[in-house]
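Dumped protein_11.cif below, it's mmCIF, C-alpha atoms:
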data_final
loop_
_atom_site.label_atom_id
_atom_site.label_comp_id
_atom_site.auth_asym_id
_atom_site.auth_seq_id
_atom_site.Cartn_x
_atom_site.Cartn_y
_atom_site.Cartn_z
CA MET A 96 8.91 -48.44 -15.94
CA VAL A 97 5.30 -47.58 -16.70
CA LYS A 98 4.13 -44.06 -15.91
CA ALA A 99 0.57 -42.75 -16.31
CA ILE A 100 -0.34 -39.12 -16.92
CA VAL A 101 -3.94 -38.27 -16.09
CA GLY A 102 -6.17 -35.34 -15.16
CA ALA A 103 -7.16 -34.54 -11.59
CA ASN A 104 -10.32 -32.65 -12.48
CA TRP A 105 -12.81 -32.30 -15.34
CA GLY A 106 -10.27 -32.57 -18.14
CA ASP A 107 -8.70 -29.52 -19.81
CA GLU A 108 -6.01 -29.34 -17.11
CA GLY A 109 -3.22 -28.54 -19.56
CA LYS A 110 -2.05 -32.16 -19.88
CA GLY A 111 -0.90 -31.68 -23.48
CA LYS A 112 2.30 -29.82 -22.67
CA ILE A 113 3.18 -32.11 -19.76
CA THR A 114 2.43 -35.21 -21.81
CA ASP A 115 4.72 -33.87 -24.52
CA LEU A 116 7.52 -33.40 -21.99
CA LEU A 117 7.10 -36.91 -20.62
CA ALA A 118 6.73 -38.40 -24.10
CA GLU A 119 10.17 -37.08 -25.04
CA GLU A 120 11.59 -39.19 -22.19
CA SER A 121 9.59 -42.30 -23.19
CA ASP A 122 10.13 -45.22 -25.56
CA VAL A 123 6.43 -46.08 -25.88
CA VAL A 124 3.38 -43.81 -25.51
CA ILE A 125 -0.08 -45.39 -25.29
CA ARG A 126 -3.52 -43.79 -25.49
CA PHE A 127 -5.64 -46.07 -23.34
CA GLN A 128 -9.19 -44.66 -23.39
CA GLY A 129 -11.55 -42.16 -24.97
CA GLY A 130 -11.72 -41.10 -28.58
CA ALA A 131 -11.75 -37.98 -30.72
CA ASN A 132 -14.06 -36.20 -28.27
CA ALA A 133 -11.24 -34.38 -26.46
CA GLY A 134 -7.73 -33.34 -27.29
CA HIS A 135 -4.30 -32.25 -26.14
CA THR A 136 -2.83 -29.00 -27.43
CA ILE A 137 0.92 -29.30 -27.96
CA ILE A 138 3.32 -26.51 -28.91
CA CYS A 139 6.61 -27.92 -30.15
CA GLY A 140 9.38 -27.22 -32.64
CA TYR A 141 7.06 -28.05 -35.54
CA GLY A 142 4.34 -25.62 -34.42
CA LYS A 143 1.06 -25.88 -32.55
CA PHE A 144 -1.03 -29.04 -32.86
CA ALA A 145 -4.27 -30.30 -31.32
CA LEU A 146 -4.07 -34.08 -30.96
CA HIS A 147 -7.33 -35.95 -30.48
CA GLN A 148 -6.52 -39.64 -30.86
CA LEU A 149 -2.84 -39.77 -31.69
CA PRO A 150 -0.54 -40.33 -28.69
CA SER A 151 1.67 -37.38 -27.80
CA GLY A 152 4.87 -39.20 -28.70
CA VAL A 153 4.25 -38.69 -32.42
CA PHE A 154 6.72 -35.77 -32.52
CA TYR A 155 9.66 -37.95 -31.48
CA PRO A 156 11.30 -40.42 -33.89
CA HIS A 157 12.48 -42.70 -31.08
CA THR A 158 8.95 -43.27 -29.73
CA THR A 159 6.47 -45.98 -30.67
CA ASN A 160 2.91 -44.68 -30.37
CA ILE A 161 0.08 -47.07 -29.61
CA ILE A 162 -3.66 -46.63 -29.87
CA GLY A 163 -4.72 -49.08 -27.20
CA ASN A 164 -7.63 -51.49 -27.06
CA GLY A 165 -9.52 -49.15 -24.70
CA VAL A 166 -9.81 -46.37 -27.29
CA ALA A 167 -12.87 -45.49 -29.40
CA LEU A 168 -11.14 -45.43 -32.79
CA ASP A 169 -12.59 -42.85 -35.20
CA VAL A 170 -10.74 -43.91 -38.35
CA PRO A 171 -11.42 -40.90 -40.63
CA LYS A 172 -10.43 -38.48 -37.88
CA LEU A 173 -7.25 -40.45 -37.20
CA VAL A 174 -6.31 -40.18 -40.87
CA ASP A 175 -7.05 -36.45 -40.80
CA GLU A 176 -4.74 -36.07 -37.79
CA LEU A 177 -1.93 -37.88 -39.57
CA LYS A 178 -2.37 -35.59 -42.57
CA THR A 179 -2.22 -32.54 -40.30
CA LEU A 180 1.11 -33.75 -38.92
CA ALA A 181 2.48 -34.38 -42.40
CA ASP A 182 1.29 -30.97 -43.61
CA GLY A 183 3.05 -29.43 -40.59
CA GLY A 184 6.36 -31.02 -41.52
CA VAL A 185 6.33 -33.68 -38.80
CA PRO A 186 8.13 -36.89 -39.92
CA ALA A 187 5.87 -39.92 -40.19
CA PRO A 188 5.54 -41.34 -36.65
CA ARG A 189 5.75 -44.98 -35.63
CA ILE A 190 2.19 -46.06 -34.82
CA ILE A 191 0.53 -49.30 -33.81
CA VAL A 192 -3.27 -49.54 -33.78
CA ASP A 193 -4.06 -52.51 -31.61
CA GLN A 194 -5.99 -55.26 -33.40
CA ARG A 195 -8.44 -55.44 -30.47
CA THR A 196 -9.31 -51.74 -30.54
CA GLN A 197 -12.94 -51.14 -31.45
CA VAL A 198 -14.10 -48.94 -34.31
CA LEU A 199 -16.36 -45.95 -33.79
CA MET A 200 -19.13 -46.34 -36.37
CA PRO A 201 -20.95 -43.63 -38.36
CA TYR A 202 -24.20 -44.55 -36.60
CA HIS A 203 -22.60 -43.87 -33.22
CA VAL A 204 -22.21 -40.21 -34.16
CA LEU A 205 -25.75 -40.06 -35.56
CA GLN A 206 -27.16 -41.66 -32.42
CA ASP A 207 -25.23 -39.24 -30.19
CA VAL A 208 -26.58 -36.22 -32.09
CA CYS A 209 -30.14 -37.54 -32.10
CA GLU A 210 -30.10 -38.34 -28.37
CA GLU A 211 -28.80 -34.91 -27.37
CA GLU A 212 -31.55 -33.34 -29.51
CA ARG A 213 -34.16 -35.58 -27.90
CA LEU A 214 -32.97 -34.70 -24.38
CA ALA A 215 -32.97 -30.98 -25.21
CA GLY A 216 -32.71 -29.05 -21.93
CA ALA A 217 -31.74 -32.20 -20.04
CA ALA A 218 -28.81 -33.01 -22.38
CA PHE A 219 -25.44 -34.07 -20.97
CA GLY A 220 -23.34 -31.61 -22.94
CA SER A 221 -21.97 -34.30 -25.27
CA THR A 222 -19.37 -33.35 -27.89
CA LYS A 223 -21.57 -35.39 -30.29
CA SER A 224 -18.60 -37.52 -31.27
CA GLY A 225 -20.44 -40.82 -30.77
CA ILE A 226 -18.60 -41.76 -27.58
CA ALA A 227 -21.53 -42.80 -25.36
CA PRO A 228 -23.20 -44.99 -28.03
CA PHE A 229 -19.80 -46.50 -28.88
CA TYR A 230 -19.06 -47.64 -25.32
CA ALA A 231 -22.67 -48.72 -24.79
CA ASP A 232 -22.35 -51.00 -27.82
CA LYS A 233 -18.92 -52.23 -26.72
CA TYR A 234 -20.24 -53.49 -23.41
CA ALA A 235 -23.45 -54.77 -25.00
CA LYS A 236 -21.16 -56.88 -27.24
CA MET A 237 -22.33 -55.16 -30.42
CA GLY A 238 -18.99 -53.55 -31.25
CA VAL A 239 -16.65 -54.09 -34.18
CA GLN A 240 -12.97 -54.69 -33.43
CA VAL A 241 -10.24 -53.67 -35.83
CA CYS A 242 -9.44 -57.35 -36.42
CA ASP A 243 -13.03 -57.85 -37.65
CA LEU A 244 -12.28 -55.59 -40.62
CA PHE A 245 -10.00 -58.32 -41.98
CA ASP A 246 -12.61 -61.11 -41.76
CA GLU A 247 -15.32 -60.09 -44.20
CA ALA A 248 -17.84 -62.85 -43.47
CA ARG A 249 -17.62 -62.25 -39.72
CA LEU A 250 -17.89 -58.49 -40.22
CA MET A 251 -21.00 -58.71 -42.40
CA ALA A 252 -22.70 -61.00 -39.90
CA ARG A 253 -21.98 -58.56 -37.10
CA LEU A 254 -23.31 -55.61 -39.09
CA GLU A 255 -26.54 -57.43 -39.95
CA HIS A 256 -27.02 -58.28 -36.28
CA VAL A 257 -26.45 -54.74 -35.05
CA CYS A 258 -28.63 -53.13 -37.73
CA VAL A 259 -31.66 -55.14 -36.59
CA ILE A 260 -31.35 -53.56 -33.15
CA LYS A 261 -30.26 -50.08 -34.23
CA ASN A 262 -33.00 -49.68 -36.81
CA VAL A 263 -35.70 -50.06 -34.18
CA LEU A 264 -34.09 -47.10 -32.41
CA PHE A 265 -33.49 -44.95 -35.48
CA GLU A 266 -36.85 -45.53 -37.15
CA HIS A 267 -39.20 -45.49 -34.17
CA LEU A 268 -37.51 -43.22 -31.60
CA TYR A 269 -35.50 -40.79 -33.71
CA HIS A 270 -37.59 -41.04 -36.90
CA LYS A 271 -34.53 -41.46 -39.12
CA PRO A 272 -33.98 -43.71 -42.17
CA PRO A 273 -32.89 -47.29 -41.40
CA LEU A 274 -29.25 -48.33 -41.55
CA ASP A 275 -28.12 -50.42 -44.51
CA PRO A 276 -25.65 -53.15 -43.48
CA GLY A 277 -24.31 -53.37 -47.02
CA ALA A 278 -23.50 -49.67 -47.15
CA LEU A 279 -21.86 -49.90 -43.72
CA PHE A 280 -19.77 -52.82 -44.93
CA GLU A 281 -18.43 -50.76 -47.84
CA THR A 282 -17.63 -47.88 -45.49
CA LEU A 283 -15.68 -50.22 -43.24
CA MET A 284 -13.75 -51.63 -46.19
CA GLY A 285 -12.60 -48.06 -46.76
CA TYR A 286 -11.63 -47.82 -43.09
CA ARG A 287 -9.64 -51.05 -43.44
CA GLU A 288 -7.63 -49.64 -46.31
CA MET A 289 -6.92 -46.46 -44.34
CA ILE A 290 -5.51 -48.12 -41.23
CA ALA A 291 -4.10 -51.43 -42.52
CA PRO A 292 -0.50 -50.14 -42.46
CA TYR A 293 -0.76 -49.39 -38.74
CA VAL A 294 -2.60 -52.43 -37.35
CA GLY A 295 -0.65 -54.77 -35.11
CA ASP A 296 -0.50 -56.82 -31.93
CA ALA A 297 0.11 -53.99 -29.49
CA MET A 298 -0.41 -56.16 -26.43
CA SER A 299 2.53 -58.43 -27.28
CA PHE A 300 4.64 -55.40 -28.17
CA VAL A 301 3.91 -53.72 -24.83
CA HIS A 302 4.60 -56.80 -22.73
CA ARG A 303 7.90 -57.29 -24.56
CA ALA A 304 8.75 -53.63 -23.90
CA ILE A 305 8.04 -54.14 -20.18
CA ARG A 306 10.35 -57.17 -20.07
CA GLU A 307 13.04 -55.09 -21.76
CA ASP A 308 12.58 -52.32 -19.15
CA ARG A 309 11.50 -49.74 -21.72
CA ARG A 310 10.03 -46.42 -20.57
CA ILE A 311 6.28 -46.57 -21.18
CA LEU A 312 3.85 -43.66 -20.83
CA LEU A 313 0.10 -44.18 -20.50
CA GLU A 314 -1.75 -41.13 -21.75
CA GLY A 315 -5.23 -40.46 -20.38
CA GLN A 316 -7.99 -38.24 -21.70
CA LEU A 317 -10.18 -35.90 -19.60
CA GLY A 318 -9.93 -36.24 -15.80
CA SER A 319 -11.17 -37.83 -12.58
CA MET A 320 -14.50 -35.98 -12.48
CA LYS A 321 -15.43 -37.42 -15.88
CA ASP A 322 -15.00 -41.06 -14.85
CA PRO A 323 -18.36 -42.89 -15.15
CA ASP A 324 -17.93 -44.63 -11.77
CA LEU A 325 -16.07 -42.15 -9.56
CA GLY A 326 -16.87 -38.89 -11.33
CA ILE A 327 -19.90 -36.55 -11.37
CA TYR A 328 -22.22 -39.15 -12.89
CA PRO A 329 -24.19 -38.88 -15.15
CA PHE A 330 -22.31 -35.81 -16.45
CA THR A 331 -19.28 -37.89 -17.29
CA THR A 332 -17.64 -39.41 -20.30
CA SER A 333 -18.26 -43.07 -21.14
CA SER A 334 -14.78 -44.52 -20.67
CA HIS A 335 -12.76 -44.77 -17.47
CA THR A 336 -10.46 -41.77 -17.07
CA LEU A 337 -8.45 -43.21 -14.18
CA ALA A 338 -4.85 -44.40 -14.27
CA GLY A 339 -5.97 -47.80 -13.04
CA PHE A 340 -7.88 -48.34 -16.27
CA GLY A 341 -4.59 -48.10 -18.12
CA ALA A 342 -4.01 -51.68 -17.03
CA VAL A 343 -7.02 -52.63 -19.16
CA GLY A 344 -7.10 -50.06 -21.95
CA ALA A 345 -3.36 -50.34 -22.65
CA ALA A 346 -3.07 -54.05 -21.78
CA VAL A 347 -0.35 -53.61 -19.17
CA PRO A 348 -0.17 -55.50 -15.86
CA PRO A 349 -1.46 -53.31 -12.99
CA THR A 350 1.71 -54.10 -11.05
CA ALA A 351 3.78 -52.48 -13.79
CA ILE A 352 2.40 -48.96 -13.21
CA THR A 353 4.91 -47.29 -10.89
CA ASP A 354 4.15 -43.57 -11.23
CA VAL A 355 0.93 -41.60 -11.64
CA VAL A 356 1.37 -37.97 -12.64
CA CYS A 357 -1.81 -36.02 -11.93
CA VAL A 358 -2.23 -32.69 -13.71
CA THR A 359 -4.33 -29.80 -12.40
CA LYS A 360 -4.60 -26.13 -13.25
CA ALA A 361 -3.85 -23.32 -10.82
CA TYR A 362 -7.55 -22.47 -11.24
CA SER A 363 -10.45 -24.67 -12.33
CA SER A 364 -11.99 -25.15 -15.77
CA ALA A 365 -14.51 -27.54 -17.27
CA VAL A 366 -16.44 -28.31 -20.44
CA GLY A 367 -19.91 -29.81 -20.41
CA ALA A 368 -22.74 -29.92 -17.93
CA GLY A 369 -22.75 -31.00 -14.30
CA ALA A 370 -21.90 -29.60 -10.86
CA PHE A 371 -18.96 -27.17 -10.72
CA VAL A 372 -18.93 -25.77 -7.20
CA SER A 373 -16.28 -23.05 -7.56
CA GLU A 374 -17.53 -21.76 -10.93
CA LEU A 375 -17.30 -18.05 -11.74
CA PHE A 376 -19.80 -16.10 -13.80
CA GLY A 377 -20.12 -12.77 -15.58
CA ASP A 378 -17.23 -10.38 -16.08
CA GLU A 379 -15.03 -12.20 -13.57
CA ALA A 380 -15.36 -15.44 -15.52
CA ASP A 381 -14.92 -13.72 -18.89
CA GLU A 382 -11.65 -12.15 -17.77
CA LEU A 383 -10.19 -15.42 -16.50
CA ARG A 384 -11.41 -17.26 -19.59
CA ARG A 385 -9.75 -14.69 -21.84
CA ARG A 386 -6.44 -14.87 -19.99
CA GLY A 387 -6.43 -18.63 -19.38
CA GLY A 388 -4.86 -21.52 -21.25
CA ASP A 389 -2.49 -20.84 -24.12
CA ALA A 390 -5.04 -18.90 -26.18
CA GLY A 391 -8.04 -18.54 -23.91
CA GLU A 392 -10.14 -21.24 -22.30
CA PHE A 393 -11.72 -22.94 -25.29
CA GLY A 394 -11.86 -26.68 -26.01
CA ALA A 395 -9.08 -28.12 -28.22
CA THR A 396 -11.58 -30.35 -30.02
CA THR A 397 -14.89 -28.48 -29.93
CA GLY A 398 -13.82 -24.85 -29.62
CA ARG A 399 -16.48 -24.47 -26.91
CA ALA A 400 -15.91 -21.89 -24.20
CA ARG A 401 -14.86 -23.63 -21.01
CA ARG A 402 -16.48 -22.93 -17.69
CA VAL A 403 -13.93 -21.45 -15.28
CA GLY A 404 -13.65 -20.99 -11.53
CA TRP A 405 -11.36 -20.73 -8.53
CA PHE A 406 -9.11 -23.65 -7.66
CA ASP A 407 -11.25 -26.37 -6.06
CA ALA A 408 -9.09 -28.17 -3.52
CA VAL A 409 -11.94 -30.48 -2.46
CA ALA A 410 -12.47 -31.84 -5.97
CA THR A 411 -8.75 -31.90 -6.78
CA ARG A 412 -7.74 -33.76 -3.62
CA TYR A 413 -10.43 -36.34 -4.40
CA GLY A 414 -9.27 -36.51 -8.01
CA CYS A 415 -5.68 -37.14 -6.95
CA MET A 416 -6.83 -39.78 -4.47
CA VAL A 417 -8.84 -41.84 -6.97
CA GLN A 418 -6.04 -41.57 -9.52
CA GLY A 419 -3.45 -42.73 -6.98
CA ALA A 420 -1.29 -39.69 -7.70
CA THR A 421 2.40 -39.97 -6.88
CA GLU A 422 3.09 -36.44 -8.15
CA VAL A 423 1.03 -33.36 -9.02
CA VAL A 424 1.75 -30.99 -11.89
CA LEU A 425 0.30 -27.50 -11.47
CA THR A 426 -0.29 -25.72 -14.78
CA ALA A 427 -1.26 -22.21 -15.91
CA ILE A 428 -0.03 -20.36 -12.83
CA ASP A 429 1.08 -17.59 -15.19
CA CYS A 430 -2.58 -16.84 -16.00
CA LEU A 431 -3.31 -15.53 -12.49
CA GLY A 432 -0.81 -12.67 -12.33
CA TYR A 433 -3.46 -10.00 -12.90
CA LEU A 434 -5.35 -10.70 -9.67
CA ASP A 435 -5.07 -8.71 -6.42
CA GLU A 436 -6.47 -11.64 -4.48
CA ILE A 437 -6.97 -15.31 -5.34
CA LYS A 438 -9.59 -17.53 -3.79
CA VAL A 439 -9.21 -21.25 -3.15
CA CYS A 440 -12.20 -23.46 -2.44
CA THR A 441 -11.19 -25.39 0.69
CA GLY A 442 -14.56 -26.84 1.66
CA TYR A 443 -18.19 -27.35 0.64
CA GLU A 444 -21.19 -26.21 2.64
CA ILE A 445 -23.97 -28.75 2.24
CA ASP A 446 -27.25 -28.34 4.11
CA GLY A 447 -25.59 -26.06 6.66
CA ALA A 448 -22.57 -28.27 7.39
CA VAL A 449 -19.06 -27.75 6.00
CA THR A 450 -17.05 -30.67 4.68
CA ASP A 451 -13.74 -31.10 2.88
CA ALA A 452 -14.76 -34.52 1.53
CA PHE A 453 -15.97 -34.74 -2.05
CA PRO A 454 -19.62 -35.91 -1.97
CA VAL A 455 -21.82 -38.09 -4.16
CA ALA A 456 -23.86 -36.47 -6.94
CA PRO A 457 -27.11 -35.59 -5.10
CA LEU A 458 -25.17 -33.82 -2.33
CA LEU A 459 -22.74 -32.23 -4.77
CA GLU A 460 -25.59 -30.45 -6.50
CA ARG A 461 -26.45 -28.73 -3.20
CA ALA A 462 -22.86 -27.78 -2.34
CA ARG A 463 -21.74 -24.18 -1.95
CA PRO A 464 -18.06 -23.18 -1.94
CA VAL A 465 -16.16 -22.22 1.21
CA TYR A 466 -13.21 -20.02 0.25
CA GLU A 467 -9.90 -19.00 1.69
CA THR A 468 -8.39 -15.88 0.14
CA LEU A 469 -4.70 -15.50 -0.62
CA PRO A 470 -2.84 -12.40 -1.86
CA GLY A 471 -2.01 -12.24 -5.56
CA TRP A 472 1.49 -11.56 -6.88
CA LYS A 473 0.48 -8.86 -9.39
CA CYS A 474 3.23 -9.54 -11.91
CA ASP A 475 3.97 -11.65 -14.97
CA VAL A 476 5.66 -14.95 -14.11
CA ARG A 477 5.51 -16.46 -17.58
CA GLY A 478 8.70 -18.30 -18.47
CA VAL A 479 10.12 -18.55 -14.94
CA THR A 480 12.09 -21.80 -14.63
CA GLU A 481 13.28 -21.72 -11.00
CA PHE A 482 10.85 -21.97 -8.09
CA GLU A 483 12.86 -19.50 -6.03
CA GLN A 484 12.46 -16.91 -8.78
CA LEU A 485 8.70 -16.82 -8.33
CA PRO A 486 7.33 -14.02 -6.15
CA ARG A 487 6.81 -15.03 -2.53
CA GLU A 488 3.02 -14.89 -2.97
CA ALA A 489 3.15 -17.30 -5.94
CA ARG A 490 5.34 -19.74 -3.99
CA ASP A 491 2.97 -19.52 -1.05
CA TYR A 492 0.08 -20.29 -3.38
CA VAL A 493 1.78 -23.42 -4.73
CA GLU A 494 2.73 -24.61 -1.25
CA PHE A 495 -0.78 -23.92 0.07
CA ILE A 496 -2.27 -26.09 -2.68
CA GLU A 497 0.34 -28.79 -2.02
CA ARG A 498 -0.65 -28.96 1.67
CA LEU A 499 -4.34 -29.16 0.80
CA LEU A 500 -3.79 -31.97 -1.72
CA GLY A 501 -1.40 -34.00 0.39
CA VAL A 502 0.64 -34.84 -2.73
CA ARG A 503 3.89 -33.19 -3.76
CA VAL A 504 3.65 -30.57 -6.51
CA GLY A 505 6.76 -31.62 -8.39
CA THR A 506 6.29 -29.47 -11.49
CA VAL A 507 4.84 -26.01 -12.08
CA SER A 508 4.06 -24.79 -15.60
CA THR A 509 4.63 -21.07 -16.15
CA GLY A 510 3.47 -20.83 -19.75
CA PRO A 511 2.24 -22.87 -22.72
CA ARG A 512 5.63 -23.47 -24.34
CA ARG A 513 7.80 -26.48 -23.53
CA HIS A 514 10.63 -24.60 -21.82
CA GLU A 515 8.28 -22.57 -19.60
CA ILE A 516 8.43 -25.07 -16.75
CA ILE A 517 9.68 -25.35 -13.17
CA ARG A 518 10.94 -28.72 -11.94
CA ARG A 519 10.95 -28.48 -8.15
CA LYS A 520 13.84 -30.15 -6.39
#
Target encoding structure tokens, full file:
Amino acid sequence: MVKAIVGANWGDEGKGKITDLLAEESDVVIRFQGGANAGHTIICGYGKFALHQLPSGVFYPHTTNIIGNGVALDVPKLVDELKTLADGGVPAPRIIVDQRTQVLMPYHVLQDVCEEERLAGAAFGSTKSGIAPFYADKYAKMGVQVCDLFDEARLMARLEHVCVIKNVLFEHLYHKPPLDPGALFETLMGYREMIAPYVGDAMSFVHRAIREDRRILLEGQLGSMKDPDLGIYPFTTSSHTLAGFGAVGAAVPPTAITDVVCVTKAYSSAVGAGAFVSELFGDEADELRRRGGDAGEFGATTGRARRVGWFDAVATRYGCMVQGATEVVLTAIDCLGYLDEIKVCTGYEIDGAVTDAFPVAPLLERARPVYETLPGWKCDVRGVTEFEQLPREARDYVEFIERLLGVRVGTVSTGPRRHEIIRRK
């Protein structure tokens, strides 16, 4: 059985805890896209960890963890993550870095930083982790695969080729010193030494696991709104954030994916630029941001304050649709217990007409929220594990969202810790 866990919104939906729960029940966990530009916060028996590239099965000795071919592999950051686990007392996990995975290069980070500076007020809100230049090079066939690190002649030829092109950009657009292919080669030899113990043929391993009916979890980064095709382009990431891409980025047959778990918060949050129709501002936003998440609404990777707003049912229904959600997980409901009333965005007003369909980017930028207001429950529900134990108003809120989404809310998270969870029957 292959199950995918993905975000319904802009990322930051609280997937870390849910991924950890599902990883415990899995034999194989695969990261299938993205890089070190976003992370999952996991609180487990070993403590609190922010994972950026490592799959969330690394805390379980029975799990094989794969960094799939769709990932942007930042080798030094991967090594740093492994050291953080070791320093935290976590036993060395079983890891396979697929030989076809491509390596994020030092010049990708430099190019990302330079481009955001050049764009200034029109910047995309990049984390400056090199992700956009990495994927641009991958699809322009200028990338370096992990397997290239073990063929020195081929690697040097590829570096000389790419430096000819990159140096035009760095010298004449960004006014930076030219890249030296020899110095890059030495850097990559260091990368090779760092990851050599983990490199393997993940594709063959995964297909064998499917034949043996192993439980496989595909772990996505960010959410539907950040997909470069179906998200809020151009304010997206540069890899596909949809469960369907798991068939490519994790090298599994599309027919093998049987379940898609779509995670969304009980309110909305986002990092980066772009349209966010139900966004709150001022004191109202500050209060929700302070109370939200497991320690406030701040990015696990960047530490940046997240934008926050009321639950956006229009965006979330669309996000679940493009993901092909078979189940919804609603997180962070415990963060709303201070409110007398809670608004839900049920429609968008665009040019005087109201719609509940998520629009394309030019129309989205003109959208204004249409709200329905529900009563709050005015009590602390953190740690509740039975749906019937929630106040009537909280149950009504969950069921209202479920009707709007048209997908069953099978799980409700009532706090950041693993046991603070409701599994609805």
Apply the PyMOL selection byres ((chain A and resi 370) around 7) to the structure shown and report the selected residues as JSON, numbers by chain. {"A": [369, 371, 372, 459, 460]}
Enumerate, as an NGL selection string, the residues matched when the PyMOL selection byres ((chain A and resi 183-196) around 7) is run on the file above. :A and (141 or 153-154 or 156 or 158-166 or 168 or 179-182 or 197-198 or 240-242 or 293-297)
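Between CA of Val476 in chain A and CA of Thr509 in chain A lies a distance of 6.5 Å.
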Quick one: apply the PyMOL selection byres ((chain A and resi 469-474) around 10) to the file and drop the selected residues here as a list in words. Asp429, Leu431, Gly432, Tyr433, Leu434, Asp435, Glu436, Ile437, Lys438, Val439, Tyr466, Glu467, Thr468, Asp475, Val476, Arg477, Leu485, Pro486, Arg487, Glu488, Ala489, Arg490, Asp491, Tyr492 and Phe495 of chain A
Quick one: everything within 12 Å of Ala448 in chain A, counting all atoms listed in the file, minus sequence neighbours fewer than 4 positions away in the same chain. Send it as a ChimeraX atom specification. /A:442-444,452,458,461-465
Residue subset to file, keeping C-alpha atoms, as a PDB file, keeping the file's coordinate frame:
ATOM      1  CA  GLY A 442     -14.560 -26.840   1.660  1.00  0.00           C
ATOM      2  CA  TYR A 443     -18.190 -27.350   0.640  1.00  0.00           C
ATOM      3  CA  GLU A 444     -21.190 -26.210   2.640  1.00  0.00           C
ATOM      4  CA  ALA A 452     -14.760 -34.520   1.530  1.00  0.00           C
ATOM      5  CA  LEU A 458     -25.170 -33.820  -2.330  1.00  0.00           C
ATOM      6  CA  ARG A 461     -26.450 -28.730  -3.200  1.00  0.00           C
ATOM      7  CA  ALA A 462     -22.860 -27.780  -2.340  1.00  0.00           C
ATOM      8  CA  ARG A 463     -21.740 -24.180  -1.950  1.00  0.00           C
ATOM      9  CA  PRO A 464     -18.060 -23.180  -1.940  1.00  0.00           C
ATOM     10  CA  VAL A 465     -16.160 -22.220   1.210  1.00  0.00           C
TER      11      VAL A 465
END
With all atoms of range 124-133 of chain A from the file as input, state the centre and edge lengths in Å to one decimal of the axis-aligned box that has 6 Å extra on each side, as JSON.
{"center_x": -5.3, "center_y": -40.2, "center_z": -27.0, "size_x": 29.4, "size_y": 23.7, "size_z": 19.4}
Of the candidates A:Arg513, A:Ala351, A:Glu255, A:Trp405, which shows the shortest atom-to-atom distance to Phe376 in chain A, using only C-alpha atoms?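 Ranked by minimum distance to Phe376 in chain A, first place goes to A:Trp405.
Rounded to one decimal, CA of Phe453 in chain A and CA of Gly501 in chain A lie 14.8 Å from each other.
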Out of A:Asp378, A:Glu210, A:Glu108, A:Asp354, which residue has the shortest atom-to-atom distance to Ile311 in chain A when counting only C-alpha atoms?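 Comparing A:Asp378, A:Glu210, A:Glu108, A:Asp354 against Ile311 in chain A, the winner is A:Asp354.
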Computed interatomic separation between CA of Gly152 in chain A and CA of Ala420 in chain A (Å):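 Result for CA of Gly152 in chain A versus CA of Ala420 in chain A: 21.9 Å, one decimal.
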Kindly indicate which residue among A:Phe406, A:Tyr269, A:Tyr202, A:Tyr413 lies nearest to Val493 in chain A, using only C-alpha atoms for the distances. A:Phe406
Show me the residues around (-14.1, -38.0, -17.9) - criterion: an atom at most 12 Å away, all atoms listed in the file counted - as a VMD selection string. chain A and resid 101 to 108 128 to 130 132 to 133 221 226 to 227 315 to 338 365 to 369 414
If you count only C-alpha atoms, the residue of A:Gly398, A:Cys415, A:Ala345, A:Glu422 closest to Ser299 in chain A turns out to be A:Ala345
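Among A:Val123, A:Cys258, A:Val208, A:Leu268, the residue with the shortest atom-to-atom distance to Pro228 in chain A, counting only C-alpha atoms, is A:Val208.
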I need the residue nearest Gln418 in chain A from this list: A:His203, A:Ala99, A:Arg385, A:Ala215. Use all atoms listed in the file for the distance. A:Ala99
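Excluding Ala145 in chain A itself and any same-chain residue fewer than 6 positions from it, the protein and nucleic acid residues within 7 Å of it, counting all atoms listed in the file, are A:Gly134, A:His135, A:Thr136, A:Ile137, A:Ala395.
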For a quick check of your reading of the model, name the residues lying within 12 Å of the coordinate (-10.3, -43.3, -40.5), counting only C-alpha atoms, and write them as a PyMOL selection string. chain A and resi 131+148+167-178+192+198-201+241+282-291+293
Using all atoms listed in the file, which residues sit within 9 Å of Phe280 in chain A once same-chain residues fewer than 3 positions away are excluded, as a ChimeraX atom specification? /A:247,250-251,254,275-277,283-285
Could you name the residues that touch Val204 in chain A at 6 Å or less, counting all atoms listed in the file, but leaving out those on the same chain fewer than 3 positions away, as a ChimeraX atom specification? /A:201,207,224-225
